[in-house]
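Step one of this worksheet: look at the structure below.
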Amino acid sequence: MQSTLKATESARSDLVHLASAAAPGKALYLNRELSWLDFNRRVLELAQDRSFPLLERVKFLAIFSSNLDEFFMKRVGGLLRQREAKISDLSIDGMSVQQQLDAIHGHVVPMLQEHARCWQDDLEPALVTEGVRISNYARLNETDRIAADEYFRRHVFPILTPLAVDPGHPFPFISNLSKSLGVMLEYPGRSEPSWIRIKVPENLPRWVPLSNHMHFVPLEQVIAGNLALLFPGMKVLEWAMFRCTRNADIEMDADDADDLLEMVELELRRRRMAKVVRLELPTGMSQLMRDFIIAGLEVSSHEVYDCDGPIDMDDLFALANLELPHLKFKPWLPLVPTRFSGEEVDFF
């Protein structure tokens, strides 16, 4: 017993010495937000693992994107709330709110670059070899172009509502995680270009099927390819897709609420109109349109993330669910051990 107590005291002394030597103990802790980003990097590494079936890797790429959306809505949103409230408390690892936001930006940018390379250089070409293609609208042959245009006229055109921005119309509200097309138009007789926002319909599939059921074209490209129907007589100078993420960190005190349902409805309305915490822009967007969108959404440079590949890649779940069993994990069927399969067997 005495030897056990001495060993315990010795171990406790070692821990105290280690903690005191670590510059007020901060080095003993991992940052909560950066640790979560490391977890999501592991998800990305699973998408990069060529030992996995192809569609399972596509699914991991979609999971990475979906996880990141939640991270910005909740974790980054919470930090921004703290910054607005001027909270000066440090995290357990000794970082201020602004230091954490800066570190998050520094971690996310290279991960997004890896994410884009994994899709463009690895998974997308691998899907082509398996007969699954996502084509650019501009490169479609005549048959597929006709099919895409017919899909636009029947299913897309009737539900589009372009919104112009001019002195009489302010910058429109962009809802959380919705995909939008920014369009620069040149009106006849006007020197200044006009900016239009088109919301990409959320009730239609992102990947529009063509003549071959394994051949797709992105919905935003189908819309862009038919802008002449929306704006007859006008010249399209530029179009680009963008997406914003809004703060979803809701603060509710149910104990002080007279009507819990009313309180939840109020908070959800606040969440819908919450501040933008992330703006995703394509790298090829012109500086003119870029500045216009950034100013319209009132975001800072640290809240802007450039995307080398397609925006909103959690839509890859639709491709991962294609009926191609040879590109997925084999289903695992559980079996009951023989000794436990009898009706009178008492497991305990």
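By order in the structure tokens, chains are A, B, ...; within a chain, residues start at 1; ligands start at 1, following the order shown.
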Give me every alpha helix (DSSP H) residue in stretch 102-341 of chain A, going by DSSP on the backbone, as a ChimeraX atom specification.
-> /A:102-117,124-129,142-151,219-225,227-230,260-272,287-297,317-320
Can you pull out every residue within 10 Å of A:Pro172, counting only C-alpha atoms, but drop anything in the same chain fewer than 2 positions away, and send it as JSON, numbers by chain?
-> {"A": [163, 164, 165, 169, 170, 174, 175, 196, 197, 296, 297]}
Pick from A:Pro337, A:Pro53, A:Gly182, A:Gly225, whichever lies nearest to A:Leu127 using only C-alpha atoms |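 Distance minimum relative to A:Leu127 lands on A:Pro53.
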When you look at A:Tyr305 with a cut-off of 8 Å (counting only C-alpha atoms), what residues show up, excluding the ones that are within fewer than 4 positions of it in the same chain? I need them as a tab-separated table (two decimals) with C-alpha atoms, in the first residue's frame.
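The resulting result.tsv:
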```tsv
chain	number	residue	atom	x	y	z
A	109	VAL	CA	-7.56	27.60	-47.33
A	278	ARG	CA	-18.34	32.82	-45.21
A	279	LEU	CA	-18.53	33.84	-48.86
A	280	GLU	CA	-17.42	31.35	-51.51
A	281	LEU	CA	-16.29	32.83	-54.82
```
Please indicate the distance in Å from atom CA of A:Gly106 to atom CA of A:Leu288, rounded to one decimal place.
->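 Result for atom CA of A:Gly106 versus atom CA of A:Leu288: 25.4 Å, one decimal.
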How many Å lie between atom CA of A:Asp308 and atom CA of A:Pro282, rounded to one decimal?
->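 Interatomic distance, atom CA of A:Asp308 to atom CA of A:Pro282: 6.3 Å.
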